[in-house]
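Dropping coords03.cif in here (mmCIF, C-alpha atoms and all ligand atoms):
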```
data_coords
#
loop_
_atom_site.label_atom_id
_atom_site.label_comp_id
_atom_site.auth_asym_id
_atom_site.auth_seq_id
_atom_site.Cartn_x
_atom_site.Cartn_y
_atom_site.Cartn_z
CA MET X 8 14.51 -17.48 -50.08
CA ARG X 9 12.53 -20.03 -52.08
CA ASP X 10 12.89 -19.47 -55.80
CA PRO X 11 9.40 -18.83 -57.19
CA VAL X 12 10.52 -19.08 -60.80
CA ARG X 13 12.98 -21.77 -61.60
CA PRO X 14 15.82 -19.91 -63.28
CA ALA X 15 16.47 -22.79 -65.66
CA LEU X 16 13.14 -22.13 -67.35
CA GLY X 17 14.12 -18.49 -67.74
CA ALA X 18 12.20 -16.10 -69.90
CA ALA X 19 9.67 -18.63 -71.25
CA SER X 20 8.55 -19.56 -67.75
CA ARG X 21 8.29 -15.91 -66.72
CA LEU X 22 6.24 -15.16 -69.80
CA LEU X 23 3.84 -18.04 -68.99
CA ARG X 24 3.52 -16.84 -65.39
CA GLY X 25 2.83 -13.27 -66.48
CA LEU X 26 6.08 -12.05 -64.93
CA PRO X 27 8.26 -9.66 -66.91
CA VAL X 28 10.67 -11.10 -69.45
CA ARG X 29 12.72 -7.92 -69.66
CA PRO X 30 13.24 -5.92 -66.45
CA PRO X 31 10.58 -3.21 -66.41
CA ALA X 32 11.84 0.34 -66.62
CA PHE X 33 11.97 2.28 -63.40
CA ALA X 34 11.67 5.62 -65.18
CA GLY X 35 9.27 6.71 -67.89
CA ALA X 36 7.15 3.56 -67.57
CA THR X 37 3.91 5.48 -68.14
CA LEU X 38 5.15 7.20 -71.31
CA GLY X 39 3.72 5.60 -74.44
CA ARG X 40 3.72 6.17 -78.18
CA THR X 41 1.19 8.99 -77.86
CA GLU X 42 3.48 10.95 -75.55
CA ALA X 43 6.48 10.26 -77.83
CA ARG X 44 4.50 11.54 -80.84
CA ILE X 45 3.50 14.65 -78.89
CA ALA X 46 7.12 15.28 -77.85
CA GLN X 47 8.28 14.95 -81.46
CA ARG X 48 5.51 17.30 -82.63
CA GLN X 49 6.56 19.87 -80.03
CA LEU X 50 10.20 19.56 -81.07
CA ASP X 51 9.13 20.21 -84.67
CA ASP X 52 7.01 23.26 -83.78
CA ARG X 53 8.65 25.60 -81.30
CA GLY X 54 5.99 28.21 -81.98
CA ALA X 55 3.57 26.02 -79.99
CA TRP X 56 5.65 26.48 -76.84
CA GLU X 57 4.42 30.06 -76.48
CA ASP X 58 0.80 28.93 -76.21
CA PRO X 59 -0.30 29.20 -72.55
CA ARG X 60 -3.52 27.24 -73.11
CA PRO X 61 -2.16 23.68 -72.69
CA VAL X 62 -0.68 24.61 -69.28
CA GLU X 63 -3.95 26.21 -68.22
CA GLU X 64 -5.85 23.15 -69.39
CA ALA X 65 -3.42 20.79 -67.62
CA GLU X 66 -3.90 22.77 -64.39
CA ARG X 67 -7.71 22.68 -64.76
CA ARG X 68 -7.71 18.95 -65.47
CA PHE X 69 -5.27 18.19 -62.64
CA ALA X 70 -7.42 20.17 -60.19
CA SER X 71 -10.51 18.23 -61.14
CA TRP X 72 -8.71 14.85 -61.08
CA SER X 73 -7.18 15.56 -57.67
CA GLY X 74 -10.45 16.79 -56.14
CA SER X 75 -9.11 20.33 -55.58
CA ARG X 76 -10.31 23.82 -56.33
CA SER X 77 -7.09 24.74 -58.07
CA ALA X 78 -3.82 23.26 -59.29
CA THR X 79 -0.69 25.30 -60.01
CA THR X 80 2.23 23.85 -61.94
CA PHE X 81 5.93 24.22 -61.16
CA PHE X 82 9.20 22.77 -62.40
CA ALA X 83 9.11 19.94 -59.82
CA ALA X 84 7.28 18.86 -56.67
CA ARG X 85 10.15 20.32 -54.63
CA VAL X 86 9.35 23.68 -56.27
CA ALA X 87 5.63 23.18 -55.60
CA LEU X 88 6.59 22.63 -51.94
CA THR X 89 8.65 25.85 -51.99
CA ALA X 90 5.58 27.68 -53.29
CA ALA X 91 3.36 25.99 -50.68
CA LEU X 92 5.61 27.18 -47.85
CA ARG X 93 5.51 30.72 -49.26
CA ALA X 94 1.73 30.57 -49.71
CA LEU X 95 1.29 29.44 -46.10
CA ARG X 96 3.32 32.48 -45.02
CA LEU X 97 5.64 30.50 -42.76
CA ARG X 98 8.35 32.65 -41.22
CA PRO X 99 12.11 32.02 -40.90
CA GLY X 100 12.79 29.78 -37.91
CA ASP X 101 9.32 28.18 -37.97
CA GLU X 102 9.43 24.40 -37.65
CA VAL X 103 7.81 22.00 -40.07
CA LEU X 104 7.28 18.38 -39.03
CA VAL X 105 8.34 15.98 -41.80
CA PRO X 106 8.55 12.20 -41.97
CA GLY X 107 12.05 11.03 -41.05
CA TYR X 108 12.12 8.88 -44.17
CA THR X 109 11.80 10.97 -47.30
CA CYS X 110 13.63 12.36 -50.27
CA VAL X 111 16.42 14.87 -49.50
CA VAL X 112 14.68 17.47 -51.64
CA VAL X 113 11.83 17.71 -49.09
CA PRO X 114 13.90 18.91 -46.07
CA ASN X 115 15.98 20.92 -48.55
CA ALA X 116 12.98 22.89 -49.84
CA ILE X 117 12.03 23.65 -46.22
CA ARG X 118 15.55 24.76 -45.26
CA PHE X 119 15.97 26.86 -48.40
CA GLU X 120 12.99 28.92 -47.18
CA GLY X 121 14.74 29.55 -43.84
CA LEU X 122 12.47 27.08 -42.03
CA VAL X 123 13.48 24.16 -39.83
CA PRO X 124 12.46 20.60 -40.75
CA ILE X 125 11.90 18.45 -37.67
CA CYS X 126 11.62 14.72 -38.23
CA ALA X 127 8.92 12.47 -36.85
CA ASP X 128 9.36 8.73 -37.23
CA ILE X 129 7.36 6.65 -39.67
CA GLU X 130 5.30 3.53 -38.99
CA LEU X 131 6.32 0.38 -40.87
CA GLU X 132 2.86 -0.57 -42.16
CA THR X 133 2.46 2.13 -44.81
CA PHE X 134 5.71 4.09 -44.27
CA GLY X 135 3.78 7.24 -43.36
CA MET X 136 4.37 9.59 -40.42
CA ASP X 137 3.58 8.01 -37.05
CA LEU X 138 1.06 9.98 -34.96
CA GLU X 139 2.70 9.36 -31.60
CA SER X 140 6.11 10.37 -32.91
CA ALA X 141 4.59 13.53 -34.46
CA ARG X 142 3.12 14.47 -31.08
CA ARG X 143 6.49 13.94 -29.40
CA GLN X 144 8.41 15.99 -31.97
CA CYS X 145 6.01 18.94 -31.95
CA THR X 146 7.33 22.05 -30.18
CA PRO X 147 5.92 25.55 -29.56
CA ARG X 148 7.73 26.61 -32.77
CA THR X 149 5.99 24.02 -34.97
CA ARG X 150 3.76 25.73 -37.55
CA ALA X 151 3.09 23.03 -40.12
CA VAL X 152 3.12 19.30 -40.63
CA LEU X 153 3.96 17.58 -43.90
CA LEU X 154 2.43 14.12 -44.38
CA HIS X 155 3.33 11.82 -47.19
CA HIS X 156 1.93 8.75 -48.94
CA LEU X 157 4.80 6.56 -50.10
CA TYR X 158 4.93 3.90 -52.81
CA GLY X 159 1.33 4.78 -53.74
CA LEU X 160 -0.03 3.57 -50.38
CA VAL X 161 -2.25 5.85 -48.32
CA ALA X 162 -0.63 6.68 -44.97
CA ARG X 163 -2.11 4.84 -41.99
CA ASP X 164 -2.16 7.86 -39.63
CA GLY X 165 -2.96 10.55 -42.21
CA HIS X 166 -6.41 11.42 -40.86
CA ALA X 167 -5.40 11.21 -37.21
CA ILE X 168 -2.42 13.52 -37.80
CA THR X 169 -4.54 15.96 -39.80
CA GLU X 170 -7.14 16.13 -37.00
CA TRP X 171 -4.42 16.57 -34.38
CA ALA X 172 -2.67 19.26 -36.46
CA ARG X 173 -5.90 21.18 -37.05
CA ALA X 174 -6.67 21.13 -33.32
CA LYS X 175 -3.24 22.68 -32.69
CA GLY X 176 -3.65 25.29 -35.45
CA LEU X 177 -0.90 23.79 -37.62
CA ALA X 178 -1.00 23.99 -41.42
CA VAL X 179 -1.20 20.62 -43.20
CA ILE X 180 0.79 19.89 -46.34
CA GLU X 181 0.31 16.52 -48.04
CA ASP X 182 3.17 15.17 -50.12
CA CYS X 183 1.42 13.08 -52.78
CA ALA X 184 4.53 12.83 -54.98
CA GLN X 185 4.31 9.03 -54.95
CA ALA X 186 0.57 8.59 -54.69
CA SER X 187 -1.24 10.87 -57.14
CA GLY X 188 -4.65 9.34 -57.87
CA ALA X 189 -4.87 7.19 -54.71
CA LEU X 190 -8.18 7.50 -52.87
CA ASP X 191 -8.64 8.08 -49.18
CA ARG X 192 -12.18 7.62 -47.83
CA GLY X 193 -13.53 8.21 -51.30
CA ARG X 194 -11.53 11.40 -52.01
CA PRO X 195 -8.24 11.75 -53.88
CA VAL X 196 -5.25 11.97 -51.53
CA GLY X 197 -4.29 15.53 -50.80
CA ALA X 198 -7.84 16.86 -51.16
CA GLY X 199 -8.09 17.44 -47.39
CA ALA X 200 -4.78 19.27 -46.96
CA ASP X 201 -4.23 23.01 -46.94
CA VAL X 202 -1.86 22.42 -49.84
CA ALA X 203 -0.94 19.12 -51.48
CA ILE X 204 2.03 18.59 -53.76
CA HIS X 205 2.29 16.13 -56.66
CA SER X 206 5.24 15.16 -58.82
CA LEU X 207 5.52 14.67 -62.57
CA GLU X 208 9.10 13.46 -62.30
CA LYS X 209 10.04 10.54 -64.54
CA THR X 210 9.59 7.74 -61.99
CA LYS X 211 6.20 8.89 -60.74
CA VAL X 212 2.52 7.95 -61.21
CA LEU X 213 2.30 10.18 -64.26
CA THR X 214 5.17 12.04 -65.82
CA SER X 215 6.47 14.67 -68.18
CA ILE X 216 10.11 13.96 -67.06
CA VAL X 217 9.94 16.92 -64.65
CA GLY X 218 7.07 18.82 -63.12
CA GLY X 219 5.28 19.48 -59.88
CA VAL X 220 1.77 20.57 -59.00
CA ALA X 221 0.47 22.30 -55.87
CA THR X 222 -3.25 21.83 -55.24
CA THR X 223 -5.54 23.48 -52.73
CA GLY X 224 -9.18 23.86 -51.86
CA SER X 225 -8.70 27.38 -50.49
CA PRO X 226 -9.25 30.35 -52.85
CA GLU X 227 -6.80 32.44 -50.82
CA LEU X 228 -4.04 29.83 -50.94
CA ALA X 229 -4.75 29.30 -54.63
CA ASP X 230 -4.12 33.01 -55.25
CA ARG X 231 -0.89 32.91 -53.26
CA LEU X 232 0.31 29.81 -55.12
CA ARG X 233 -0.32 31.68 -58.38
CA GLN X 234 1.68 34.63 -57.04
CA ALA X 235 4.54 32.29 -56.15
CA GLN X 236 4.39 30.82 -59.66
CA ALA X 237 4.37 34.30 -61.24
CA GLY X 238 7.51 35.19 -59.29
CA MET X 239 9.45 32.28 -60.78
CA GLU X 240 11.41 32.17 -64.02
CA VAL X 241 10.24 30.60 -67.26
CA PRO X 242 12.52 27.66 -68.15
CA SER X 243 14.78 28.28 -71.14
CA ALA X 244 14.00 26.90 -74.59
CA GLU X 245 17.16 24.80 -74.26
CA THR X 246 15.80 23.16 -71.10
CA ALA X 247 12.40 22.55 -72.71
CA GLU X 248 14.04 20.98 -75.76
CA ARG X 249 16.20 18.71 -73.63
CA LEU X 250 13.18 17.57 -71.63
CA LEU X 251 11.20 16.80 -74.79
CA ARG X 252 14.13 14.70 -76.01
CA ASN X 253 14.07 12.90 -72.66
CA VAL X 254 10.41 11.98 -73.27
CA LEU X 255 11.59 10.27 -76.49
CA LEU X 256 14.54 8.65 -74.72
CA TYR X 257 12.61 7.28 -71.75
CA GLU X 258 9.67 6.10 -73.85
CA ALA X 259 12.10 4.14 -76.05
CA ARG X 260 13.92 2.79 -72.99
CA ALA X 261 10.65 1.64 -71.40
CA HIS X 262 8.84 0.27 -74.42
CA GLY X 263 11.04 0.34 -77.52
CA THR X 264 12.50 -2.60 -79.40
CA PRO X 265 16.21 -3.16 -78.73
CA MET X 266 16.92 -1.29 -81.99
CA ALA X 267 14.69 1.66 -81.06
CA ARG X 268 16.33 1.81 -77.64
CA ARG X 269 19.83 1.82 -79.11
CA SER X 270 18.90 4.50 -81.59
CA ALA X 271 17.29 6.71 -78.91
CA GLU X 272 20.34 6.29 -76.66
CA ARG X 273 22.60 7.28 -79.57
CA ARG X 274 20.56 10.34 -80.58
CA HIS X 275 20.02 11.67 -77.09
CA ALA X 276 23.25 10.56 -75.45
CA GLY X 277 24.48 13.18 -73.00
CA GLU X 278 21.03 14.76 -72.64
CA ARG X 279 19.66 12.48 -69.94
CA TRP X 280 17.88 14.50 -67.28
CA VAL X 281 19.04 13.94 -63.68
CA SER X 282 16.31 14.76 -61.18
CA THR X 283 18.44 15.41 -58.09
CA LEU X 284 21.83 17.03 -58.51
CA PRO X 285 24.89 16.29 -56.34
CA ASP X 286 24.56 19.88 -55.05
CA GLU X 287 21.16 19.06 -53.59
CA GLU X 288 22.59 16.06 -51.75
CA VAL X 289 24.86 18.40 -49.83
CA GLY X 290 22.14 20.99 -49.22
CA ARG X 291 22.99 23.56 -51.91
CA LYS X 292 20.08 25.17 -53.74
CA PRO X 293 20.08 24.84 -57.53
CA PRO X 294 18.38 27.50 -59.70
CA SER X 295 15.60 25.05 -60.66
CA TYR X 296 13.87 25.71 -57.29
CA GLU X 297 12.71 29.03 -58.73
CA ARG X 298 11.35 27.71 -62.02
CA ARG X 299 7.93 27.38 -63.56
CA PHE X 300 6.70 24.34 -65.42
CA PRO X 301 7.95 24.19 -69.05
CA ALA X 302 4.90 24.99 -71.19
CA ALA X 303 6.28 22.85 -74.02
CA LEU X 304 5.60 19.74 -71.89
CA ALA X 305 1.96 20.52 -71.03
CA PRO X 306 0.53 18.45 -73.93
CA VAL X 307 2.44 15.44 -72.54
CA VAL X 308 0.76 15.95 -69.15
CA LEU X 309 -2.65 16.11 -70.83
CA ALA X 310 -1.96 12.78 -72.56
CA GLN X 311 -0.84 11.26 -69.25
CA LEU X 312 -4.01 12.50 -67.52
CA ASP X 313 -6.04 10.68 -70.19
CA ARG X 314 -4.38 7.39 -69.31
CA VAL X 315 -3.48 7.61 -65.63
CA GLU X 316 -6.56 5.87 -64.24
CA ALA X 317 -6.11 2.86 -66.54
CA LEU X 318 -2.41 2.70 -65.67
CA ASN X 319 -3.17 2.88 -61.94
CA GLU X 320 -5.67 0.05 -62.30
CA ARG X 321 -2.94 -1.99 -63.99
CA ARG X 322 -0.57 -1.23 -61.13
CA ARG X 323 -3.16 -2.47 -58.63
CA ARG X 324 -3.61 -5.71 -60.57
CA ARG X 325 0.17 -6.29 -60.63
CA ALA X 326 0.32 -5.56 -56.90
CA ARG X 327 -2.14 -8.41 -56.29
CA ARG X 328 0.28 -10.76 -58.07
CA TRP X 329 3.12 -9.55 -55.86
CA ASP X 330 0.84 -10.16 -52.84
CA ASP X 331 0.59 -13.84 -53.83
CA TRP X 332 4.33 -14.06 -54.32
CA ALA X 333 5.14 -12.23 -51.07
CA ARG X 334 2.82 -14.48 -49.03
CA ALA X 335 4.45 -17.56 -50.54
CA GLU X 336 7.85 -16.12 -49.58
CA ASP X 337 6.74 -15.17 -46.06
CA HIS X 338 7.36 -11.46 -46.62
CA PRO X 339 4.86 -9.10 -44.93
CA VAL X 340 2.53 -7.75 -47.62
CA PRO X 341 1.94 -3.98 -47.74
CA VAL X 342 -0.92 -2.81 -45.54
CA ILE X 343 -3.83 -1.07 -47.21
CA THR X 344 -5.24 1.59 -44.91
CA PRO X 345 -8.97 0.85 -44.37
CA GLY X 346 -11.10 3.02 -46.67
CA SER X 347 -8.25 3.70 -49.09
CA VAL X 348 -7.52 2.71 -52.68
CA PRO X 349 -3.75 2.77 -53.21
CA VAL X 350 -2.07 3.27 -56.60
CA PHE X 351 1.02 1.11 -55.93
CA LEU X 352 3.57 3.29 -57.68
CA ARG X 353 5.91 0.56 -56.46
CA TYR X 354 5.25 -2.55 -54.35
CA PRO X 355 7.13 -2.07 -51.06
CA LEU X 356 8.48 -5.02 -49.13
CA LEU X 357 10.45 -5.32 -45.92
CA VAL X 358 13.14 -7.91 -46.56
CA ASP X 359 16.23 -9.13 -44.82
CA PRO X 360 18.92 -6.39 -44.98
CA ALA X 361 21.15 -8.80 -46.92
CA MET X 362 18.49 -8.92 -49.65
CA LYS X 363 18.52 -5.14 -49.89
CA ARG X 364 22.29 -5.07 -50.13
CA ASP X 365 22.42 -7.76 -52.84
CA LEU X 366 19.52 -7.46 -55.25
CA GLY X 367 20.60 -10.38 -57.43
CA TRP X 368 17.43 -12.28 -56.45
CA GLY X 369 15.42 -9.85 -58.62
CA ALA X 370 16.87 -11.44 -61.75
CA LEU X 371 15.00 -14.66 -60.93
CA LEU X 372 11.78 -12.68 -61.09
CA GLY X 373 12.81 -10.70 -64.15
CA VAL X 374 12.80 -7.42 -62.25
CA SER X 375 15.28 -4.90 -60.92
CA PRO X 376 14.09 -4.25 -57.37
CA GLY X 377 14.02 -0.58 -56.43
CA VAL X 378 15.84 0.62 -53.32
CA TRP X 379 13.81 3.70 -52.37
CA PHE X 380 15.05 4.85 -49.91
CA THR X 381 18.77 4.30 -49.37
CA GLY X 382 19.03 7.01 -46.72
CA GLU X 383 16.60 8.67 -44.31
CA PHE X 384 16.88 11.72 -46.60
CA HIS X 385 17.21 9.67 -49.77
CA PRO X 386 19.84 9.14 -51.00
CA VAL X 387 21.54 10.78 -48.01
CA ALA X 388 21.94 8.84 -44.74
CA HIS X 389 20.60 10.82 -41.79
CA PRO X 390 20.16 8.41 -38.86
CA MET X 391 18.22 9.88 -35.94
CA THR X 392 17.67 8.27 -32.56
CA GLU X 393 14.08 9.51 -32.55
CA CYS X 394 13.37 7.73 -35.86
CA PRO X 395 14.28 4.04 -35.44
CA ASN X 396 11.63 2.86 -37.91
CA ALA X 397 13.10 5.09 -40.58
CA ARG X 398 16.45 3.33 -40.09
CA THR X 399 14.72 -0.06 -40.36
CA ALA X 400 13.09 0.99 -43.63
CA VAL X 401 16.41 2.26 -44.98
CA GLU X 402 17.98 -1.11 -44.20
CA ARG X 403 15.08 -3.34 -45.22
CA CYS X 404 12.62 -1.73 -47.61
CA VAL X 405 12.85 -2.63 -51.28
CA ASN X 406 10.19 -2.12 -53.89
CA LEU X 407 9.07 -4.02 -56.93
CA PRO X 408 7.79 -2.56 -60.18
CA THR X 409 4.07 -2.58 -60.90
CA LEU X 410 4.04 -1.61 -64.58
CA TRP X 411 5.25 -3.83 -67.38
C1 LIG C 1 8.22 11.48 -51.31
C2 LIG C 1 8.72 12.47 -52.31
N1 LIG C 1 8.43 13.77 -52.14
C3 LIG C 1 8.85 14.70 -53.00
C4 LIG C 1 9.62 14.36 -54.10
C5 LIG C 1 10.08 15.43 -55.03
O1 LIG C 1 9.55 15.30 -56.31
P1 LIG C 1 10.20 16.11 -57.51
O2 LIG C 1 11.29 15.23 -58.06
O3 LIG C 1 9.10 16.30 -58.52
O4 LIG C 1 10.72 17.37 -56.98
C6 LIG C 1 9.97 13.04 -54.31
C7 LIG C 1 10.80 12.72 -55.45
O5 LIG C 1 11.35 11.73 -55.67
C8 LIG C 1 9.50 12.06 -53.40
O6 LIG C 1 9.80 10.77 -53.55
#
```

Go ahead and render the structure in this file as structure tokens.
Amino acid sequence: MRDPVRPALGAASRLLRGLPVRPPAFAGATLGRTEARIAQRQLDDRGAWEDPRPVEEAERRFASWSGSRSATTFFAARVALTAALRALRLRPGDEVLVPGYTCVVVPNAIRFEGLVPICADIELETFGMDLESARRQCTPRTRAVLLHHLYGLVARDGHAITEWARAKGLAVIEDCAQASGALDRGRPVGAGADVAIHSLEKTKVLTSIVGGVATTGSPELADRLRQAQAGMEVPSAETAERLLRNVLLYEARAHGTPMARRSAERRHAGERWVSTLPDEEVGRKPPSYERRFPAALAPVVLAQLDRVEALNERRRRRARRWDDWARAEDHPVPVITPGSVPVFLRYPLLVDPAMKRDLGWGALLGVSPGVWFTGEFHPVAHPMTECPNARTAVERCVNLPTLW
């Protein structure tokens, strides 16, 4: 690989070229001073946690931003998916087509409901589900198809799969966990699905450390999503407090001075929130799959909704810089589906497998390349003969940060 930034010039050269001097944070990058101030205010005023209005407002604002009739919050996108499966009234044994390259929590949520996830391969242009593979994997027991939009790109075959699924009477779920705010033919992604799910986890397009949202355009499904939410437990005050402290921790990690970072690490050591537990990696269901969104965090979501469009525009600008770099390095640049506006949560690249195994080259660019995904069911390896492209992506796809 040609070195685009001579290492000898180091930080000064990177600064002049507009590349990051300090590796950008992978988590909490969208959290700013406003969110940190809000988290501190919430920590100082527990009485405010009882107020349902910020959650209601966050749901209203999210619905309008995502082009949906209604938005219902949950503890995580995996919980929003759980609620979606319940709302769609899928029955034990029903099959759900999923991309064979996803996060382990997606097939888990399906299995935990007694359903059977069946993998279709992805294409390697946008890493979305491949139409032909979906057709091949469909059986008489298939009742729903779950599409996704990875890295903030809009999936190449999304419309074709939706049309095919509708013709077969299958429900369509859109996993927008990595692409909230992207536009597809002028509408926000997910707006055409029966139910779409979004994530507010700490590495996502907008965050409150944890959180998930299920959106729908159907009044009936909206009612059932609300029922699913009502049947779930309210997170404990201890959990809410820990999450608020994580807002402070991740904001300091992403944007603080070295002193502020050290101080935040010291104060909140041991409280770091881990999104996916070891139990989930081996298919055991943790209690958090039955939890509502912590009301104490709703004001953070409102602040993120105020800024998300500006942040997404910044991500797109950074992606254009990576395009120039990738072309100069002879890496294939990510494909933008015609008629779509991606958000570039990360900038995906297919590189030589040796580059994915040894990420040292990132230091020359001042970044820590991301390795989403390290397994077909990230982070779990799940090779399948019917999903060869998923294996290729596991071996070759890295992703670069787009916010710094
Ligand atoms: C594609 C995809 N879907 C769903 C999820 C689940 O999101 P959450 O962590 O909010 O449950 C993730 C999380 O990383 C993801 O990457």

Item to complete: Produce as a PyMOL selection string the set of residues near ligand LIG 1 (chain C), where near means within 10 Å with all atoms listed in the file considered.
Response: chain X and resi 81-88+106+108-114+116+154-159+181-186+204-211+214+216-220+281-283+295-296+379-380+384-385

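Between atom CA of X:Tyr354 and atom CA of X:Cys126 lies a distance of 24.5 Å.
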
Response to the item:
In terms of only C-alpha atoms, the residue from X:Arg143, X:Arg321, X:Arg53, X:Arg269 at minimal distance from X:Cys394 is X:Arg143

Fill in: Residue among X:Ala326, X:Ser243, X:Ala310, X:Glu288 lying closest to X:His389, counting all atoms listed in the file
X:Glu288

Practice prompt. Would you work out the distance separating atom CA of X:Glu383 from atom CA of X:Leu318, expressed in Å to one decimal?
Written response: 29.2 Å

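If you measure from each of X:Ala162, X:Val103, X:Leu410, X:Ala32 to X:Pro345 using only C-alpha atoms, the closest one turns out to be X:Ala162.
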
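Nearest residue to X:Trp56 among X:Ala302, X:Leu92, X:Ser77, X:Ala189 is X:Ala302, counting all atoms listed in the file.
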
Item to complete: Quote the spacing between atom CA of X:Ser215 and atom CA of X:Glu320 in Å to one decimal place.
Response: 19.9 Å

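Checking X:Ser225, X:Ser270, X:Thr37, X:Thr80 one by one against X:Pro301, counting only C-alpha atoms, you find the shortest gap at X:Thr80.
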
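Restricting the calculation to only C-alpha atoms, the smallest distance between X:Thr381 and any of X:Trp368, X:Thr89, X:Glu402, X:Glu316 is found for X:Glu402.
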
Discussion item. With only C-alpha atoms as the counted atoms, please give the residues lying no more than 10 Å from X:Gly176, apart from itself and same-chain residues fewer than 4 positions off, as an MDAnalysis selection string.
Written reply: chainID X and resid 149:151 170:172

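Those residues that approach X:Gly107 to within 10 Å, counting only C-alpha atoms, are Pro114, Pro124, Ile125, Cys126, Ala127, Asp128, Ile129, Phe134, Gly135, Met136, Asp137, Gly382, Glu383, Phe384, His389, Pro390, Met391, Glu393, Cys394, Pro395, Asn396, Ala397 and Arg398 of chain X; same-chain residues fewer than 4 positions away are not listed.
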
Worksheet item: Using only C-alpha atoms, which residues sit within 10 Å of X:Leu250 once same-chain residues fewer than 4 positions away are excluded, as number ranges by chain?
Response: X: 46, 215-217, 244-246, 254-256, 278-280, 301, 303-304

Discussion item. Neighbouring residues of X:Arg324 were defined as those with any atom within 12 Å, considering only C-alpha atoms; residues of the same chain fewer than 3 positions away were excluded. Please report them as JSON, numbers by chain.
Written reply: {"X": [25, 317, 318, 319, 320, 321, 327, 328, 329, 330, 331, 349, 350, 351, 352, 354, 408, 409, 410, 411]}
